[in-house]
Structure formats: C-alpha cells, structure tokens
$ cat protein00.json   # JSON, N, CA, C and O atoms
[["chain", "number", "residue", "atom", "x", "y", "z"],
["A", 1, "MET", "N", -14.31, -18.51, -5.18],
["A", 1, "MET", "CA", -13.59, -18.32, -3.96],
["A", 1, "MET", "C", -12.83, -19.57, -3.65],
["A", 1, "MET", "O", -13.37, -20.63, -3.88],
["A", 2, "PRO", "N", -11.69, -19.59, -3.21],
["A", 2, "PRO", "CA", -10.88, -18.47, -2.73],
["A", 2, "PRO", "C", -9.95, -17.91, -3.80],
["A", 2, "PRO", "O", -9.63, -18.58, -4.78],
["A", 3, "HIS", "N", -9.51, -16.69, -3.53],
["A", 3, "HIS", "CA", -8.49, -16.04, -4.36],
["A", 3, "HIS", "C", -7.27, -15.82, -3.48],
["A", 3, "HIS", "O", -7.38, -15.27, -2.39],
["A", 4, "VAL", "N", -6.12, -16.25, -3.95],
["A", 4, "VAL", "CA", -4.87, -16.13, -3.19],
["A", 4, "VAL", "C", -3.97, -15.13, -3.89],
["A", 4, "VAL", "O", -3.77, -15.20, -5.10],
["A", 5, "ILE", "N", -3.43, -14.19, -3.12],
["A", 5, "ILE", "CA", -2.48, -13.22, -3.65],
["A", 5, "ILE", "C", -1.11, -13.53, -3.05],
["A", 5, "ILE", "O", -0.97, -13.58, -1.83],
["A", 6, "ILE", "N", -0.14, -13.74, -3.92],
["A", 6, "ILE", "CA", 1.23, -14.04, -3.49],
["A", 6, "ILE", "C", 2.12, -12.86, -3.87],
["A", 6, "ILE", "O", 2.12, -12.43, -5.02],
["A", 7, "LYS", "N", 2.87, -12.37, -2.90],
["A", 7, "LYS", "CA", 3.81, -11.28, -3.16],
["A", 7, "LYS", "C", 5.20, -11.85, -3.00],
["A", 7, "LYS", "O", 5.52, -12.44, -1.97],
["A", 8, "LEU", "N", 6.01, -11.69, -4.03],
["A", 8, "LEU", "CA", 7.36, -12.25, -4.07],
["A", 8, "LEU", "C", 8.36, -11.18, -4.45],
["A", 8, "LEU", "O", 8.03, -10.24, -5.17],
["A", 9, "TYR", "N", 9.60, -11.38, -4.00],
["A", 9, "TYR", "CA", 10.67, -10.57, -4.56],
["A", 9, "TYR", "C", 10.64, -10.72, -6.07],
["A", 9, "TYR", "O", 10.48, -11.82, -6.59],
["A", 10, "ALA", "N", 10.79, -9.62, -6.77],
["A", 10, "ALA", "CA", 10.84, -9.64, -8.23],
["A", 10, "ALA", "C", 12.03, -10.47, -8.70],
["A", 10, "ALA", "O", 13.05, -10.55, -8.02],
["A", 11, "GLY", "N", 11.88, -11.09, -9.87],
["A", 11, "GLY", "CA", 12.99, -11.81, -10.46],
["A", 11, "GLY", "C", 12.70, -13.24, -10.83],
["A", 11, "GLY", "O", 13.52, -13.88, -11.47],
["A", 12, "ARG", "N", 11.56, -13.77, -10.43],
["A", 12, "ARG", "CA", 11.23, -15.15, -10.81],
["A", 12, "ARG", "C", 10.72, -15.18, -12.24],
["A", 12, "ARG", "O", 10.09, -14.25, -12.70],
["A", 13, "SER", "N", 10.99, -16.28, -12.91],
["A", 13, "SER", "CA", 10.57, -16.42, -14.30],
["A", 13, "SER", "C", 9.06, -16.70, -14.36],
["A", 13, "SER", "O", 8.44, -17.07, -13.36],
["A", 14, "GLU", "N", 8.49, -16.53, -15.54],
["A", 14, "GLU", "CA", 7.07, -16.84, -15.73],
["A", 14, "GLU", "C", 6.81, -18.32, -15.44],
["A", 14, "GLU", "O", 5.79, -18.67, -14.85],
["A", 15, "ALA", "N", 7.73, -19.18, -15.84],
["A", 15, "ALA", "CA", 7.57, -20.61, -15.57],
["A", 15, "ALA", "C", 7.54, -20.88, -14.07],
["A", 15, "ALA", "O", 6.73, -21.68, -13.59],
["A", 16, "GLN", "N", 8.41, -20.23, -13.32],
["A", 16, "GLN", "CA", 8.42, -20.40, -11.86],
["A", 16, "GLN", "C", 7.11, -19.90, -11.25],
["A", 16, "GLN", "O", 6.55, -20.53, -10.37],
["A", 17, "LYS", "N", 6.62, -18.76, -11.73],
["A", 17, "LYS", "CA", 5.37, -18.21, -11.22],
["A", 17, "LYS", "C", 4.20, -19.16, -11.49],
["A", 17, "LYS", "O", 3.35, -19.37, -10.62],
["A", 18, "HIS", "N", 4.17, -19.74, -12.68],
["A", 18, "HIS", "CA", 3.11, -20.70, -13.00],
["A", 18, "HIS", "C", 3.20, -21.93, -12.09],
["A", 18, "HIS", "O", 2.18, -22.43, -11.61],
["A", 19, "GLN", "N", 4.41, -22.38, -11.84],
["A", 19, "GLN", "CA", 4.61, -23.54, -10.97],
["A", 19, "GLN", "C", 4.17, -23.23, -9.54],
["A", 19, "GLN", "O", 3.50, -24.04, -8.89],
["A", 20, "ILE", "N", 4.53, -22.06, -9.04],
["A", 20, "ILE", "CA", 4.12, -21.65, -7.70],
["A", 20, "ILE", "C", 2.60, -21.54, -7.62],
["A", 20, "ILE", "O", 1.98, -22.05, -6.68],
["A", 21, "ALA", "N", 2.00, -20.88, -8.59],
["A", 21, "ALA", "CA", 0.54, -20.70, -8.59],
["A", 21, "ALA", "C", -0.18, -22.05, -8.62],
["A", 21, "ALA", "O", -1.17, -22.25, -7.90],
["A", 22, "GLU", "N", 0.30, -22.97, -9.41],
["A", 22, "GLU", "CA", -0.34, -24.28, -9.50],
["A", 22, "GLU", "C", -0.19, -25.05, -8.18],
["A", 22, "GLU", "O", -1.14, -25.68, -7.71],
["A", 23, "ALA", "N", 0.99, -24.99, -7.58],
["A", 23, "ALA", "CA", 1.21, -25.69, -6.30],
["A", 23, "ALA", "C", 0.31, -25.11, -5.21],
["A", 23, "ALA", "O", -0.28, -25.85, -4.42],
["A", 24, "VAL", "N", 0.20, -23.80, -5.15],
["A", 24, "VAL", "CA", -0.66, -23.16, -4.15],
["A", 24, "VAL", "C", -2.12, -23.51, -4.42],
["A", 24, "VAL", "O", -2.88, -23.83, -3.49],
["A", 25, "ALA", "N", -2.53, -23.45, -5.67],
["A", 25, "ALA", "CA", -3.92, -23.80, -6.01],
["A", 25, "ALA", "C", -4.23, -25.23, -5.59],
["A", 25, "ALA", "O", -5.29, -25.49, -4.99],
["A", 26, "GLN", "N", -3.34, -26.16, -5.85],
["A", 26, "GLN", "CA", -3.57, -27.55, -5.48],
["A", 26, "GLN", "C", -3.64, -27.72, -3.96],
["A", 26, "GLN", "O", -4.44, -28.51, -3.44],
["A", 27, "ALA", "N", -2.82, -26.97, -3.23],
["A", 27, "ALA", "CA", -2.86, -27.02, -1.77],
["A", 27, "ALA", "C", -4.19, -26.49, -1.25],
["A", 27, "ALA", "O", -4.77, -27.07, -0.32],
["A", 28, "VAL", "N", -4.69, -25.43, -1.83],
["A", 28, "VAL", "CA", -5.98, -24.87, -1.42],
["A", 28, "VAL", "C", -7.11, -25.84, -1.75],
["A", 28, "VAL", "O", -8.00, -26.08, -0.93],
["A", 29, "ILE", "N", -7.07, -26.42, -2.93],
["A", 29, "ILE", "CA", -8.09, -27.39, -3.33],
["A", 29, "ILE", "C", -8.12, -28.56, -2.35],
["A", 29, "ILE", "O", -9.18, -28.96, -1.88],
["A", 30, "ALA", "N", -6.94, -29.08, -2.02],
["A", 30, "ALA", "CA", -6.84, -30.24, -1.13],
["A", 30, "ALA", "C", -7.25, -29.92, 0.30],
["A", 30, "ALA", "O", -7.94, -30.70, 0.95],
["A", 31, "SER", "N", -6.85, -28.75, 0.80],
["A", 31, "SER", "CA", -7.09, -28.46, 2.21],
["A", 31, "SER", "C", -8.43, -27.76, 2.48],
["A", 31, "SER", "O", -8.99, -27.92, 3.56],
["A", 32, "ALA", "N", -8.94, -27.02, 1.52],
["A", 32, "ALA", "CA", -10.19, -26.29, 1.74],
["A", 32, "ALA", "C", -11.39, -26.97, 1.09],
["A", 32, "ALA", "O", -12.52, -26.55, 1.28],
["A", 33, "GLY", "N", -11.10, -27.98, 0.28],
["A", 33, "GLY", "CA", -12.19, -28.68, -0.39],
["A", 33, "GLY", "C", -12.81, -27.87, -1.51],
["A", 33, "GLY", "O", -13.95, -28.12, -1.90],
["A", 34, "SER", "N", -12.08, -26.91, -2.02],
["A", 34, "SER", "CA", -12.57, -26.09, -3.13],
["A", 34, "SER", "C", -12.43, -26.84, -4.44],
["A", 34, "SER", "O", -11.58, -27.71, -4.58],
["A", 35, "SER", "N", -13.24, -26.46, -5.40],
["A", 35, "SER", "CA", -13.10, -27.04, -6.73],
["A", 35, "SER", "C", -12.02, -26.29, -7.49],
["A", 35, "SER", "O", -11.72, -25.13, -7.18],
["A", 36, "GLU", "N", -11.46, -26.94, -8.48],
["A", 36, "GLU", "CA", -10.41, -26.32, -9.31],
["A", 36, "GLU", "C", -10.93, -25.02, -9.92],
["A", 36, "GLU", "O", -10.21, -24.01, -9.96],
["A", 37, "ALA", "N", -12.16, -25.02, -10.37],
["A", 37, "ALA", "CA", -12.73, -23.83, -11.02],
["A", 37, "ALA", "C", -12.92, -22.66, -10.05],
["A", 37, "ALA", "O", -13.02, -21.52, -10.49],
["A", 38, "ALA", "N", -12.98, -22.94, -8.77],
["A", 38, "ALA", "CA", -13.24, -21.88, -7.79],
["A", 38, "ALA", "C", -11.99, -21.16, -7.32],
["A", 38, "ALA", "O", -12.08, -20.09, -6.74],
["A", 39, "VAL", "N", -10.81, -21.72, -7.58],
["A", 39, "VAL", "CA", -9.57, -21.18, -7.03],
["A", 39, "VAL", "C", -8.86, -20.32, -8.08],
["A", 39, "VAL", "O", -8.71, -20.73, -9.23],
["A", 40, "SER", "N", -8.42, -19.14, -7.64],
["A", 40, "SER", "CA", -7.58, -18.29, -8.49],
["A", 40, "SER", "C", -6.38, -17.84, -7.68],
["A", 40, "SER", "O", -6.45, -17.72, -6.45],
["A", 41, "VAL", "N", -5.27, -17.61, -8.38],
["A", 41, "VAL", "CA", -4.02, -17.22, -7.74],
["A", 41, "VAL", "C", -3.37, -16.11, -8.55],
["A", 41, "VAL", "O", -3.24, -16.24, -9.78],
["A", 42, "SER", "N", -3.00, -15.03, -7.89],
["A", 42, "SER", "CA", -2.25, -13.98, -8.57],
["A", 42, "SER", "C", -0.90, -13.82, -7.88],
["A", 42, "SER", "O", -0.76, -14.14, -6.70],
["A", 43, "ILE", "N", 0.07, -13.34, -8.64],
["A", 43, "ILE", "CA", 1.42, -13.12, -8.10],
["A", 43, "ILE", "C", 1.82, -11.69, -8.39],
["A", 43, "ILE", "O", 1.70, -11.22, -9.53],
["A", 44, "GLU", "N", 2.26, -11.00, -7.35],
["A", 44, "GLU", "CA", 2.73, -9.62, -7.48],
["A", 44, "GLU", "C", 4.22, -9.58, -7.20],
["A", 44, "GLU", "O", 4.67, -10.03, -6.15],
["A", 45, "ASP", "N", 4.98, -9.05, -8.14],
["A", 45, "ASP", "CA", 6.41, -8.86, -7.95],
["A", 45, "ASP", "C", 6.65, -7.60, -7.12],
["A", 45, "ASP", "O", 6.02, -6.57, -7.35],
["A", 46, "VAL", "N", 7.55, -7.72, -6.15],
["A", 46, "VAL", "CA", 7.90, -6.58, -5.30],
["A", 46, "VAL", "C", 9.41, -6.41, -5.32],
["A", 46, "VAL", "O", 10.15, -7.38, -5.08],
["A", 47, "ASP", "N", 9.85, -5.21, -5.59],
["A", 47, "ASP", "CA", 11.28, -4.91, -5.57],
["A", 47, "ASP", "C", 11.77, -5.14, -4.13],
["A", 47, "ASP", "O", 11.16, -4.64, -3.18],
["A", 48, "PRO", "N", 12.85, -5.90, -3.95],
["A", 48, "PRO", "CA", 13.35, -6.17, -2.60],
["A", 48, "PRO", "C", 13.57, -4.91, -1.75],
["A", 48, "PRO", "O", 13.35, -4.92, -0.54],
["A", 49, "GLU", "N", 13.96, -3.81, -2.38],
["A", 49, "GLU", "CA", 14.20, -2.57, -1.65],
["A", 49, "GLU", "C", 12.92, -1.98, -1.09],
["A", 49, "GLU", "O", 12.95, -1.14, -0.19],
["A", 50, "HIS", "N", 11.76, -2.40, -1.62],
["A", 50, "HIS", "CA", 10.47, -1.85, -1.19],
["A", 50, "HIS", "C", 9.65, -2.85, -0.39],
["A", 50, "HIS", "O", 8.50, -2.57, -0.05],
["A", 51, "TRP", "N", 10.24, -4.02, -0.10],
["A", 51, "TRP", "CA", 9.50, -5.07, 0.60],
["A", 51, "TRP", "C", 8.93, -4.60, 1.94],
["A", 51, "TRP", "O", 7.78, -4.83, 2.26],
["A", 52, "ASN", "N", 9.75, -3.92, 2.72],
["A", 52, "ASN", "CA", 9.32, -3.49, 4.05],
["A", 52, "ASN", "C", 8.12, -2.56, 3.95],
["A", 52, "ASN", "O", 7.11, -2.77, 4.63],
["A", 53, "GLU", "N", 8.19, -1.54, 3.12],
["A", 53, "GLU", "CA", 7.12, -0.55, 3.05],
["A", 53, "GLU", "C", 5.88, -1.04, 2.30],
["A", 53, "GLU", "O", 4.76, -0.65, 2.63],
["A", 54, "LYS", "N", 6.06, -1.94, 1.32],
["A", 54, "LYS", "CA", 4.91, -2.38, 0.51],
["A", 54, "LYS", "C", 4.30, -3.69, 0.98],
["A", 54, "LYS", "O", 3.14, -3.97, 0.64],
["A", 55, "VAL", "N", 5.05, -4.49, 1.73],
["A", 55, "VAL", "CA", 4.53, -5.79, 2.15],
["A", 55, "VAL", "C", 4.61, -5.97, 3.66],
["A", 55, "VAL", "O", 3.59, -6.20, 4.32],
["A", 56, "PHE", "N", 5.81, -5.89, 4.22],
["A", 56, "PHE", "CA", 5.96, -6.23, 5.63],
["A", 56, "PHE", "C", 5.11, -5.36, 6.54],
["A", 56, "PHE", "O", 4.36, -5.87, 7.38],
["A", 57, "GLU", "N", 5.23, -4.06, 6.42],
["A", 57, "GLU", "CA", 4.48, -3.17, 7.32],
["A", 57, "GLU", "C", 2.96, -3.27, 7.11],
["A", 57, "GLU", "O", 2.23, -3.53, 8.07],
["A", 58, "PRO", "N", 2.45, -3.09, 5.87],
["A", 58, "PRO", "CA", 0.99, -3.09, 5.72],
["A", 58, "PRO", "C", 0.34, -4.47, 5.77],
["A", 58, "PRO", "O", -0.79, -4.60, 6.25],
["A", 59, "ASP", "N", 1.01, -5.49, 5.28],
["A", 59, "ASP", "CA", 0.37, -6.81, 5.15],
["A", 59, "ASP", "C", 0.73, -7.79, 6.26],
["A", 59, "ASP", "O", -0.04, -8.70, 6.55],
["A", 60, "ILE", "N", 1.89, -7.62, 6.86],
["A", 60, "ILE", "CA", 2.34, -8.57, 7.89],
["A", 60, "ILE", "C", 2.22, -7.95, 9.28],
["A", 60, "ILE", "O", 1.45, -8.43, 10.11],
["A", 61, "ARG", "N", 2.94, -6.89, 9.53],
["A", 61, "ARG", "CA", 2.91, -6.29, 10.86],
["A", 61, "ARG", "C", 1.53, -5.71, 11.20],
["A", 61, "ARG", "O", 0.99, -5.98, 12.26],
["A", 62, "ALA", "N", 0.96, -4.93, 10.30],
["A", 62, "ALA", "CA", -0.32, -4.27, 10.59],
["A", 62, "ALA", "C", -1.51, -5.23, 10.60],
["A", 62, "ALA", "O", -2.56, -4.90, 11.12],
["A", 63, "ARG", "N", -1.33, -6.42, 10.03],
["A", 63, "ARG", "CA", -2.44, -7.37, 9.97],
["A", 63, "ARG", "C", -2.04, -8.71, 10.58],
["A", 63, "ARG", "O", -2.47, -9.76, 10.15],
["A", 64, "ALA", "N", -1.24, -8.65, 11.61],
["A", 64, "ALA", "CA", -0.71, -9.87, 12.24],
["A", 64, "ALA", "C", -1.81, -10.82, 12.69],
["A", 64, "ALA", "O", -1.63, -12.04, 12.67],
["A", 65, "GLU", "N", -2.96, -10.28, 13.06],
["A", 65, "GLU", "CA", -4.05, -11.13, 13.52],
["A", 65, "GLU", "C", -4.64, -12.01, 12.42],
["A", 65, "GLU", "O", -5.33, -12.98, 12.70],
["A", 66, "THR", "N", -4.33, -11.69, 11.17],
["A", 66, "THR", "CA", -4.85, -12.50, 10.06],
["A", 66, "THR", "C", -3.84, -13.55, 9.59],
["A", 66, "THR", "O", -4.19, -14.38, 8.74],
["A", 67, "LEU", "N", -2.62, -13.53, 10.11],
["A", 67, "LEU", "CA", -1.58, -14.46, 9.67],
["A", 67, "LEU", "C", -1.75, -15.84, 10.31],
["A", 67, "LEU", "O", -1.86, -15.94, 11.52],
["A", 68, "TYR", "N", -1.74, -16.85, 9.50],
["A", 68, "TYR", "CA", -1.76, -18.22, 9.99],
["A", 68, "TYR", "C", -0.39, -18.86, 9.88],
["A", 68, "TYR", "O", -0.11, -19.87, 10.50],
["A", 69, "LYS", "N", 0.48, -18.27, 9.09],
["A", 69, "LYS", "CA", 1.89, -18.65, 8.99],
["A", 69, "LYS", "C", 2.69, -17.37, 9.10],
["A", 69, "LYS", "O", 2.69, -16.56, 8.19],
["A", 70, "LYS", "N", 3.30, -17.18, 10.24],
["A", 70, "LYS", "CA", 4.06, -15.95, 10.47],
["A", 70, "LYS", "C", 5.49, -16.11, 9.95],
["A", 70, "LYS", "O", 6.04, -17.21, 9.99],
["A", 71, "PRO", "N", 6.10, -15.01, 9.47],
["A", 71, "PRO", "CA", 7.48, -15.11, 9.00],
["A", 71, "PRO", "C", 8.44, -15.28, 10.17],
["A", 71, "PRO", "O", 8.13, -14.89, 11.30],
["A", 72, "GLY", "N", 9.58, -15.82, 9.88],
["A", 72, "GLY", "CA", 10.61, -16.02, 10.90],
["A", 72, "GLY", "C", 11.68, -14.97, 10.84],
["A", 72, "GLY", "O", 12.83, -15.22, 11.20],
["A", 73, "TYR", "N", 11.34, -13.77, 10.37],
["A", 73, "TYR", "CA", 12.32, -12.70, 10.26],
["A", 73, "TYR", "C", 11.67, -11.38, 10.66],
["A", 73, "TYR", "O", 10.46, -11.24, 10.69],
["A", 74, "GLU", "N", 12.49, -10.42, 10.97],
["A", 74, "GLU", "CA", 12.11, -9.03, 11.18],
["A", 74, "GLU", "C", 12.91, -8.22, 10.20],
["A", 74, "GLU", "O", 14.10, -8.48, 10.00],
["A", 75, "PRO", "N", 12.30, -7.23, 9.56],
["A", 75, "PRO", "CA", 13.08, -6.41, 8.62],
["A", 75, "PRO", "C", 14.16, -5.63, 9.33],
["A", 75, "PRO", "O", 14.05, -5.33, 10.52],
["A", 76, "LYS", "N", 15.19, -5.29, 8.57],
["A", 76, "LYS", "CA", 16.32, -4.55, 9.13],
["A", 76, "LYS", "C", 16.07, -3.09, 9.10],
["A", 76, "LYS", "O", 15.38, -2.55, 8.37]]

$ encode --input "protein00.json" --output "structure tokens"
Amino acid sequence: MPHVIIKLYAGRSEAQKHQIAEAVAQAVIASAGSSEAAVSVSIEDVDPEHWNEKVFEPDIRARAETLYKKPGYEPK
C-alpha cells in the first residue's frame, strides 16, 4: 500500500507514462513515508471524448468528498 491509479487522456508514450509513474511514486514515498516496495502506480488511458462519462462524472463529481486536489475545470 498505497496503490495509485492515474487516468490520462490517451496518447502519451510509454516513456512518458514511466516518467509520470516514477514521479508520482517518489512523491508518495516522500510524503507518506512509504517504502519503495510498497508503492504501485497504474495508468489508464482514456479517450478524450469519453472523459466526462468515464472519469469526470463517476470519479470526480460523484466522489468529490474524496478529492484532495480538485480540478479547475467543469466539463462542457
């Protein structure tokens, strides 16, 4: 523990995904005091056309009480 799930617009390269995952893992290790072996990170690609229905509504709007960093946008 912990496991972090990142949902991104599709289109990033594997190298970019590895870089993002490593940066997030290091941030979790530093801020939560977790060991490197305890942290895992997955990345899910989301088609931009489906962002609202697959991410914004179920993960952001419907679970707003769990957000510690809220987005600065509203879907159109």

$ atom_distance --input "protein00.json" --atom1 "atom O of Lys17 in chain A" --atom2 "atom O of Pro75 in chain A"
27.5 Å

$ atom_distance --input "protein00.json" --atom1 "atom N of Val39 in chain A" --atom2 "CA of Met1 in chain A"
5.7 Å

$ atom_distance --input "protein00.json" --atom1 "atom C of Glu44 in chain A" --atom2 "CA of Gln26 in chain A"
19.7 Å

$ select_by_dssp --input "protein00.json" --residues "chain A" --states "strand (DSSP E or B)" --output "PyMOL selection string"
chain A and resi 3-9+40-46

$ residues_around --input "protein00.json" --residues "Val4 in chain A" --least-positions-apart "2" --cutoff "5 Å" --atoms "only N, CA, C and O atoms" --output "JSON, numbers by chain"
{"A": [2, 6, 40, 41, 42]}

$ select_by_dssp --input "protein00.json" --residues "chain A" --states "helix (DSSP H, G or I)" --output "count of residues only"
39
